[in-house]
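K.L.:
Can you read through this structure? Questions will come right after.
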Amino acid sequence: MDTSNLKKVDIIFSKVDNPLQILDKALQKSPDDIINEIIDSGLKGRGGAGFPTGLKWKFTKNEDSDVKYVICNADEGEPGTFKDRQIIEEVPEKIFIGMALAAYCIGAKEAYIYLRGEYNFLKKDLLSKMEKFNNELKNRGLDITLYLRSGSGAYICGEESALFESMEGKRGEPRNKPPYPTKVGYNNQPTSINNVETLVFVTMIQHLGVEEFKKLGTKDSRGSKVFSISGDTPIPGIYELELGMKVSDFVREFGDGDTKAVQIGGASGFCVPRKNFENTIIGFEGIPTGGSVMLFNSSRSMYNILHNYLDFFVEESCAQCTPCRAGLQQLLKGIEAIKRREKPASYLNELIKLSQTMKMSSKCGLGQSIANPFVSIVENFKEEIIF
Amino acid sequence: MQEPNELIKNLVEKHGRTRNALMPILQDIVAAKQYLDPSDIAMVAEELDLSAADVYGTATFYTFLDTVPRGKNVIRVCKTISCYMSGKDEIINALEKVLNIKVGETTLDKQFTLLTANCMGWCHKGPVMLINDDVYHSLTPETAIEIVQQYKEKSKN
Ligand SMILES: Cc1cc2nc3c(=O)[nH]c(=O)nc-3n(C[C@H](O)[C@H](O)[C@H](O)COP(=O)(O)O)c2cc1C
Ligand code: SF4
């Protein structure tokens, strides 16, 4: 679209003729050189939290341990996110190369993909490609092997420490942090864990050069990002876009003409109402996202949407800590009670306070982020929640 | 039961006896027979030198590691936001009718179990369901029924 202010990009899904050349070229550099390039590129994690990837690798490399691990987080469970699946289907070699480079840089011999159980149908093909890739690594004299592990239907296992617990054959209950995975990760060894898309960006930064990558995005949000776009839009799907766009530009491109709210960052992200479209940026300086953007038009009840999110979290909370377990149930019961007029509208303020207490006192990102959707929906759509 | 014992022995052989092998072993048992019964859990615990309660505690954490009997084909309809907006209720109603069961139940002939599940990563193509490991997206009540009929035909042959 000519009038669009959005820049469409084709880095992640672009077909590279001989991807192994990227690996070979990179392996001529020292681990420190590669790590410094990634730090210089400004690449931040694409799984949601946005930690600088190069620093994560550096910290893991600096740990003194004979055994270290690389993990590719392919648990993709955030409602509204479906881009990692497509990356795995279309360009698995680029993921493998990112994993091999991570292992080379930090000094790991084993690199695992943790693939959510909902994507079991991808396993056979992925394993056979992985086997070929492992042979290529062997041919190059590298002592690095890739493995595949599966999830079994638990959103919380996308949280990195819960993922380690799951791989260790336990309930997927998040650990206390610190210590961080770079020190104490899988099997209690230093571990570098990255999202699928992050690892592909590492590969492509090696391919295109740091400067090409830095040309895109803003100071705080370098590069582009793959977005998963769904909800009330005539063109749902997967789009790679330059970071740092205004929500208003986004809505102009993807809305159906009647967009009243946009949920950025999935169920655990933020709801932006129409009046804020113009002054809200999608990126690390505004609202960060693992890539999920959902559009809602005026036919939708924000009460029903909030209710659906809370249902999701009540089921997916690991329930090991009280603020999250009890807090979620109270939030859900609370909005139901207000709807039924059993509680006054002012009770919403108590619920907002509760969600903020959960933010401070929950053990992991799940409980800590409930206030994001809860407060942003309740404050902007109070009438819809009450009446 | 002789058969599952063989199964478990083979799986322990394949994945090893470490705690890290527990998930792959349980996953493969479910892939083979749809659910874990108490004797499977006891046997895996013994092979891996864990307590049965520990293995049970792990299994019950995971939605896909069922510990109650399931049909040969497990249908999971997504109920999260995008599929909710694109009409998952109509899909569930249609499936309940054609299978003559409610969500959570298994048909008398043990061929189908109908469940709901959380986001499966197909939000742009809802409503969506998994039957065992296979994905069916962009469903209408008609296509959902058709797909289930195909599974019924297959199980007759
Ligand atoms: C509840 C919860 C679920 C998460 N799910 C995922 C996920 O599915 N995929 C992912 O890459 N990161 C997920 N994360 C973030 C990971 O903990 C971790 O930060 C990420 O894998 C790091 O990779 P990155 O730096 O490349 O983004 C989740 C975090 C939380 C708190
Ligand atoms: S915040 Fe919730 S999901 Fe996280 S550890 Fe506590 S109970 Fe579990």
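The way I read the labels, and the way they are meant: chains A, B, ... in the order of the structure tokens, residue 1 as the first residue of every chain, and ligand 1 as the first ligand shown, with later ones counted on from there.
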Excluding Met358 in chain A and any residue of its chain fewer than 3 positions from it, enumerate the residues within 10 Å of it, using only C-alpha atoms, and give them as JSON, numbers by chain.
P.N.:
{"A": [322, 323, 324, 325, 326, 327, 328, 352, 353, 354, 355, 361, 362, 363, 366, 367, 368, 369, 370, 371]}
K.L.:
Once you count only C-alpha atoms and all ligand atoms, which residues end up within 8 Å of ligand 1, and could you hand them over as a compact mmCIF listing (two decimals) with N, CA, C and O atoms, in the first residue's frame?
P.N.:
# COMPACT_ATOMS: atom_id res chain seq x y z
N LYS A 44 17.57 -7.27 20.47
CA LYS A 44 16.96 -7.65 21.75
C LYS A 44 16.06 -8.86 21.53
O LYS A 44 15.52 -9.05 20.44
N GLY A 45 15.89 -9.66 22.58
CA GLY A 45 15.14 -10.90 22.48
C GLY A 45 13.75 -10.68 21.92
O GLY A 45 13.07 -9.72 22.27
N ARG A 46 13.34 -11.58 21.03
CA ARG A 46 12.04 -11.47 20.37
C ARG A 46 10.96 -12.30 21.06
O ARG A 46 9.86 -12.44 20.53
N GLY A 47 11.27 -12.88 22.23
CA GLY A 47 10.29 -13.71 22.92
C GLY A 47 9.37 -12.92 23.84
O GLY A 47 8.44 -13.45 24.42
N GLY A 48 9.64 -11.62 23.99
CA GLY A 48 8.77 -10.80 24.80
C GLY A 48 9.49 -9.90 25.78
O GLY A 48 9.20 -8.71 25.89
N ALA A 49 10.48 -10.47 26.50
CA ALA A 49 11.12 -9.69 27.56
C ALA A 49 12.14 -8.69 27.01
O ALA A 49 12.44 -7.69 27.66
N GLY A 50 12.70 -8.96 25.85
CA GLY A 50 13.55 -7.99 25.19
C GLY A 50 14.92 -7.79 25.80
O GLY A 50 15.48 -6.70 25.77
N PHE A 51 15.51 -8.83 26.36
CA PHE A 51 16.86 -8.72 26.91
C PHE A 51 17.87 -8.71 25.74
O PHE A 51 17.70 -9.47 24.79
N PRO A 52 18.91 -7.85 25.83
CA PRO A 52 19.90 -7.81 24.74
C PRO A 52 20.56 -9.18 24.54
O PRO A 52 21.17 -9.73 25.46
N THR A 53 20.46 -9.69 23.33
CA THR A 53 20.91 -11.05 23.04
C THR A 53 22.42 -11.20 23.21
O THR A 53 22.90 -12.18 23.79
N LYS A 56 23.41 -11.52 26.80
CA LYS A 56 23.06 -12.84 27.34
C LYS A 56 24.13 -13.86 26.99
O LYS A 56 24.58 -14.64 27.82
N CYS A 72 16.62 -23.27 22.40
CA CYS A 72 15.75 -22.47 21.55
C CYS A 72 14.32 -22.64 22.07
O CYS A 72 13.78 -23.74 22.09
N ASN A 73 13.75 -21.53 22.50
CA ASN A 73 12.40 -21.57 23.09
C ASN A 73 11.35 -21.53 21.98
O ASN A 73 11.09 -20.49 21.39
N ALA A 74 10.79 -22.70 21.69
CA ALA A 74 9.74 -22.81 20.67
C ALA A 74 8.45 -23.26 21.34
O ALA A 74 7.73 -24.12 20.83
N ASP A 75 8.18 -22.68 22.51
CA ASP A 75 6.97 -23.06 23.24
C ASP A 75 5.78 -22.19 22.85
O ASP A 75 4.64 -22.50 23.19
N GLU A 76 6.05 -21.12 22.17
CA GLU A 76 5.03 -20.20 21.62
C GLU A 76 3.60 -20.44 22.09
O GLU A 76 2.81 -21.08 21.40
N GLY A 77 3.27 -19.90 23.27
CA GLY A 77 1.94 -20.15 23.80
C GLY A 77 1.13 -18.90 24.06
O GLY A 77 -0.06 -19.00 24.39
N GLU A 78 1.74 -17.72 23.92
CA GLU A 78 1.02 -16.49 24.22
C GLU A 78 -0.16 -16.34 23.24
O GLU A 78 0.04 -16.38 22.03
N TYR A 155 1.26 -23.63 28.97
CA TYR A 155 1.74 -22.29 28.59
C TYR A 155 2.91 -21.85 29.45
O TYR A 155 3.87 -21.25 28.95
N ILE A 156 2.85 -22.15 30.74
CA ILE A 156 3.87 -21.64 31.66
C ILE A 156 5.26 -22.18 31.30
O ILE A 156 6.27 -21.57 31.65
N CYS A 157 5.33 -23.30 30.60
CA CYS A 157 6.65 -23.85 30.24
C CYS A 157 7.39 -22.99 29.22
O CYS A 157 8.54 -23.27 28.91
N GLY A 158 6.75 -21.94 28.69
CA GLY A 158 7.48 -20.98 27.87
C GLY A 158 8.35 -20.08 28.73
O GLY A 158 9.32 -19.49 28.25
N GLU A 159 7.99 -19.94 30.01
CA GLU A 159 8.84 -19.18 30.94
C GLU A 159 10.12 -19.98 31.12
O GLU A 159 10.07 -21.19 31.36
N GLU A 160 11.25 -19.32 30.98
CA GLU A 160 12.50 -20.06 30.82
C GLU A 160 12.82 -21.05 31.93
O GLU A 160 13.22 -22.18 31.67
N SER A 161 12.61 -20.66 33.20
CA SER A 161 12.99 -21.58 34.27
C SER A 161 11.99 -22.73 34.40
O SER A 161 12.36 -23.85 34.77
N ILE A 193 19.20 -19.15 26.71
CA ILE A 193 17.92 -19.51 26.10
C ILE A 193 17.40 -18.33 25.29
O ILE A 193 17.39 -17.20 25.76
N ASN A 194 17.04 -18.62 24.04
CA ASN A 194 16.54 -17.58 23.14
C ASN A 194 15.30 -18.04 22.40
O ASN A 194 15.11 -19.22 22.11
N ASN A 195 14.50 -17.08 22.05
CA ASN A 195 13.33 -17.31 21.22
C ASN A 195 13.76 -17.72 19.79
O ASN A 195 14.84 -17.36 19.33
N VAL A 196 12.88 -18.45 19.12
CA VAL A 196 13.12 -18.90 17.74
C VAL A 196 13.54 -17.73 16.84
O VAL A 196 14.56 -17.80 16.13
N GLU A 197 12.75 -16.67 16.87
CA GLU A 197 12.98 -15.53 15.97
C GLU A 197 14.32 -14.84 16.28
O GLU A 197 15.04 -14.42 15.37
N THR A 198 14.64 -14.74 17.58
CA THR A 198 15.91 -14.12 17.96
C THR A 198 17.08 -14.85 17.30
O THR A 198 18.00 -14.23 16.76
N LEU A 199 17.03 -16.18 17.33
CA LEU A 199 18.13 -16.97 16.78
C LEU A 199 18.23 -16.80 15.26
O LEU A 199 19.33 -16.77 14.71
N GLY A 290 6.01 -9.68 22.03
CA GLY A 290 6.56 -10.88 21.41
C GLY A 290 6.01 -11.04 20.00
O GLY A 290 6.35 -11.98 19.31
N CYS A 364 6.75 -15.19 39.14
CA CYS A 364 7.24 -15.15 37.76
C CYS A 364 6.45 -14.17 36.90
O CYS A 364 5.47 -13.58 37.33
N GLY A 365 6.88 -14.06 35.66
CA GLY A 365 6.28 -13.12 34.71
C GLY A 365 4.80 -13.31 34.49
O GLY A 365 4.10 -12.35 34.14
N LEU A 366 4.28 -14.54 34.69
CA LEU A 366 2.84 -14.72 34.46
C LEU A 366 2.04 -13.88 35.45
O LEU A 366 1.28 -13.00 35.07
N GLY A 367 2.25 -14.14 36.74
CA GLY A 367 1.51 -13.40 37.75
C GLY A 367 1.83 -11.91 37.72
O GLY A 367 0.97 -11.07 37.95
N SER A 369 2.44 -10.07 35.22
CA SER A 369 1.95 -9.30 34.07
C SER A 369 0.43 -9.21 33.98
O SER A 369 -0.10 -8.57 33.06
K.L.:
Choose the residue, out of B:Asn5, B:Gln150, B:Gln34, B:Gln27, that has the smallest atom-to-atom separation from Pro69 in chain B; count only C-alpha atoms.
P.N.:
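Residue with the minimum atom-to-atom distance to Pro69 in chain B: B:Gln34.
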K.L.:
Could you tell me, as a list in words, which residues of range 5-92 of chain B DSSP assigns to strand (DSSP E or B) when given the backbone?
P.N.:
Asn73, Val74, Ile75, Arg76, Val77 and Cys78 of chain B
K.L.:
With N, CA, C and O atoms retained, write the just-selected residues as a PDB file, in the first residue's frame.
P.N.:
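The file below, out22.pdb, is the result:
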ATOM      1  N   ASN B  73      -9.234 -41.215  19.362  1.00  0.00           N
ATOM      2  CA  ASN B  73      -8.981 -39.901  18.767  1.00  0.00           C
ATOM      3  C   ASN B  73      -9.368 -38.810  19.760  1.00  0.00           C
ATOM      4  O   ASN B  73     -10.522 -38.721  20.165  1.00  0.00           O
ATOM      5  N   VAL B  74      -8.390 -38.012  20.134  1.00  0.00           N
ATOM      6  CA  VAL B  74      -8.660 -36.933  21.082  1.00  0.00           C
ATOM      7  C   VAL B  74      -8.800 -35.624  20.312  1.00  0.00           C
ATOM      8  O   VAL B  74      -7.875 -35.189  19.624  1.00  0.00           O
ATOM      9  N   ILE B  75     -10.002 -35.042  20.405  1.00  0.00           N
ATOM     10  CA  ILE B  75     -10.276 -33.779  19.709  1.00  0.00           C
ATOM     11  C   ILE B  75     -10.138 -32.649  20.714  1.00  0.00           C
ATOM     12  O   ILE B  75     -10.726 -32.699  21.793  1.00  0.00           O
ATOM     13  N   ARG B  76      -9.354 -31.643  20.388  1.00  0.00           N
ATOM     14  CA  ARG B  76      -9.211 -30.471  21.253  1.00  0.00           C
ATOM     15  C   ARG B  76      -9.571 -29.228  20.449  1.00  0.00           C
ATOM     16  O   ARG B  76      -8.871 -28.879  19.506  1.00  0.00           O
ATOM     17  N   VAL B  77     -10.638 -28.562  20.866  1.00  0.00           N
ATOM     18  CA  VAL B  77     -11.060 -27.345  20.173  1.00  0.00           C
ATOM     19  C   VAL B  77     -10.492 -26.149  20.940  1.00  0.00           C
ATOM     20  O   VAL B  77     -10.651 -26.052  22.157  1.00  0.00           O
ATOM     21  N   CYS B  78      -9.851 -25.228  20.213  1.00  0.00           N
ATOM     22  CA  CYS B  78      -9.276 -24.054  20.873  1.00  0.00           C
ATOM     23  C   CYS B  78     -10.390 -23.138  21.363  1.00  0.00           C
ATOM     24  O   CYS B  78     -11.351 -22.881  20.654  1.00  0.00           O
TER      25      CYS B  78
END
K.L.:
Go through A:Val247, A:Ala162, A:Ile87, A:Ala267 one by one, measure the shortest atom-to-atom distance of each to ligand 2 using only C-alpha atoms and all ligand atoms, and give the residue with the smallest value.
P.N.:
A:Ala162
K.L.:
For a quick test of understanding: name the residues of chain B lying within 6 Å of chain A when counting only C-alpha atoms, and present them as JSON, numbers by chain.
P.N.:
{"B": [19, 20, 22, 23, 58, 61, 62, 63, 64, 82, 119, 120, 121, 123, 124, 133]}
K.L.:
Keeping only C-alpha atoms, take the residues you just selected and write them out as a compact mmCIF listing (two decimals), in the first residue's frame.
P.N.:
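Saved file result31.txt follows:
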# COMPACT_ATOMS: atom_id res chain seq x y z
CA ARG B 19 14.91 -38.10 35.43
CA ASN B 20 15.45 -36.03 32.26
CA LEU B 22 10.71 -38.82 32.19
CA MET B 23 8.84 -36.42 29.89
CA THR B 58 4.62 -34.47 37.05
CA PHE B 61 0.79 -30.89 35.58
CA TYR B 62 0.59 -31.28 31.80
CA THR B 63 -2.68 -31.01 29.89
CA PHE B 64 -1.55 -33.43 27.20
CA SER B 82 -9.25 -15.38 18.52
CA CYS B 119 -4.33 -21.16 22.31
CA MET B 120 -2.79 -23.50 19.74
CA GLY B 121 -1.04 -20.90 17.60
CA CYS B 123 -5.19 -17.29 15.72
CA HIS B 124 -5.30 -15.97 12.14
CA ASP B 133 -1.43 -34.33 16.52
K.L.:
Between CA of Phe381 in chain A and CA of Glu336 in chain A, what is the spacing in Å?
P.N.:
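According to the coordinates, CA of Glu336 in chain A and CA of Phe381 in chain A are separated by 15.3 Å.
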K.L.:
Hey, what does DSSP flag as alpha helix (DSSP H) within range 174-295 of chain A? Can you give it to me as number ranges by chain?
P.N.:
A: 196-208, 210-214, 247-254
K.L.:
Taking 6 positions as the minimum chain separation for residues in the same chain, which residues sit within 9 Å of Gly71 in chain B when counting only C-alpha atoms? Answer as a ChimeraX atom specification.
P.N.:
/B:34-35,106-107,109-114
K.L.:
For Leu11 in chain B, please output as a CSV table (one decimal) with N, CA, C and O atoms, in the first residue's frame all residues within 10 Å (counting only C-alpha atoms; exclusion window: fewer than 3 positions along the same chain).
P.N.:
chain,number,residue,atom,x,y,z
B,5,ASN,N,3.7,-53.1,29.3
B,5,ASN,CA,4.9,-53.3,30.0
B,5,ASN,C,6.1,-53.4,29.0
B,5,ASN,O,7.1,-52.8,29.2
B,6,GLU,N,5.8,-54.1,27.9
B,6,GLU,CA,6.8,-54.1,26.8
B,6,GLU,C,7.1,-52.7,26.3
B,6,GLU,O,8.2,-52.3,26.1
B,7,LEU,N,6.0,-52.0,26.1
B,7,LEU,CA,6.1,-50.6,25.7
B,7,LEU,C,7.0,-49.8,26.6
B,7,LEU,O,7.9,-49.1,26.1
B,8,ILE,N,6.8,-49.9,27.9
B,8,ILE,CA,7.5,-49.1,28.8
B,8,ILE,C,9.0,-49.5,28.8
B,8,ILE,O,9.9,-48.7,28.8
B,14,LYS,N,15.0,-46.8,25.2
B,14,LYS,CA,15.3,-45.7,24.2
B,14,LYS,C,15.7,-44.4,24.8
B,14,LYS,O,16.6,-43.8,24.3
B,15,HIS,N,15.0,-44.0,25.9
B,15,HIS,CA,15.3,-42.7,26.4
B,15,HIS,C,16.2,-42.7,27.6
B,15,HIS,O,16.7,-41.6,28.0
B,16,GLY,N,16.4,-43.8,28.2
B,16,GLY,CA,17.3,-43.9,29.4
B,16,GLY,C,16.6,-43.8,30.7
B,16,GLY,O,15.3,-43.7,30.7
B,17,ARG,N,17.3,-44.0,31.8
B,17,ARG,CA,16.7,-44.1,33.1
B,17,ARG,C,16.9,-42.8,34.0
B,17,ARG,O,16.6,-42.8,35.2
B,21,ALA,N,14.7,-38.2,31.3
B,21,ALA,CA,14.0,-39.0,30.3
B,21,ALA,C,12.5,-39.1,30.6
B,21,ALA,O,11.8,-39.6,29.8
B,22,LEU,N,12.1,-38.6,31.8
B,22,LEU,CA,10.7,-38.8,32.2
B,22,LEU,C,9.7,-38.3,31.2
B,22,LEU,O,8.7,-39.0,30.8
B,24,PRO,N,9.9,-37.4,27.9
B,24,PRO,CA,9.8,-38.2,26.6
B,24,PRO,C,9.2,-39.6,26.8
B,24,PRO,O,8.4,-40.0,26.0
B,25,ILE,N,9.4,-40.2,28.0
B,25,ILE,CA,8.8,-41.5,28.2
B,25,ILE,C,7.3,-41.4,28.3
B,25,ILE,O,6.5,-42.1,27.6
B,26,LEU,N,6.9,-40.5,29.2
B,26,LEU,CA,5.4,-40.3,29.4
B,26,LEU,C,4.8,-39.8,28.1
B,26,LEU,O,3.7,-40.3,27.7
B,28,ASP,N,5.6,-40.5,25.0
B,28,ASP,CA,5.5,-41.6,24.1
B,28,ASP,C,4.5,-42.7,24.5
B,28,ASP,O,3.8,-43.3,23.7
B,29,ILE,N,4.3,-42.8,25.8
B,29,ILE,CA,3.2,-43.7,26.3
B,29,ILE,C,1.8,-43.1,25.8
B,29,ILE,O,1.0,-43.8,25.3
B,44,VAL,N,6.7,-46.9,35.3
B,44,VAL,CA,7.8,-45.9,35.0
B,44,VAL,C,8.5,-45.5,36.2
B,44,VAL,O,9.7,-45.4,36.2
K.L.:
Go ahead and compute the interatomic distance for CA of Ser298 in chain A and CA of Gly87 in chain B, in Å to one decimal.
P.N.:
17.0 Å
K.L.:
Any idea what's packed within 8 Å of Ile35 in chain A, counting only C-alpha atoms, ignoring anything in its chain fewer than 3 positions away? Could you give it as a count of residues only?
P.N.:
9
K.L.:
Would you please work out which residue, of A:Cys321, A:Val91, A:Ile12, A:Leu351, is nearest to Gly223 in chain A when using only C-alpha atoms?
P.N.:
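Looking only at the distances to Gly223 in chain A, the closest residue turns out to be A:Ile12.
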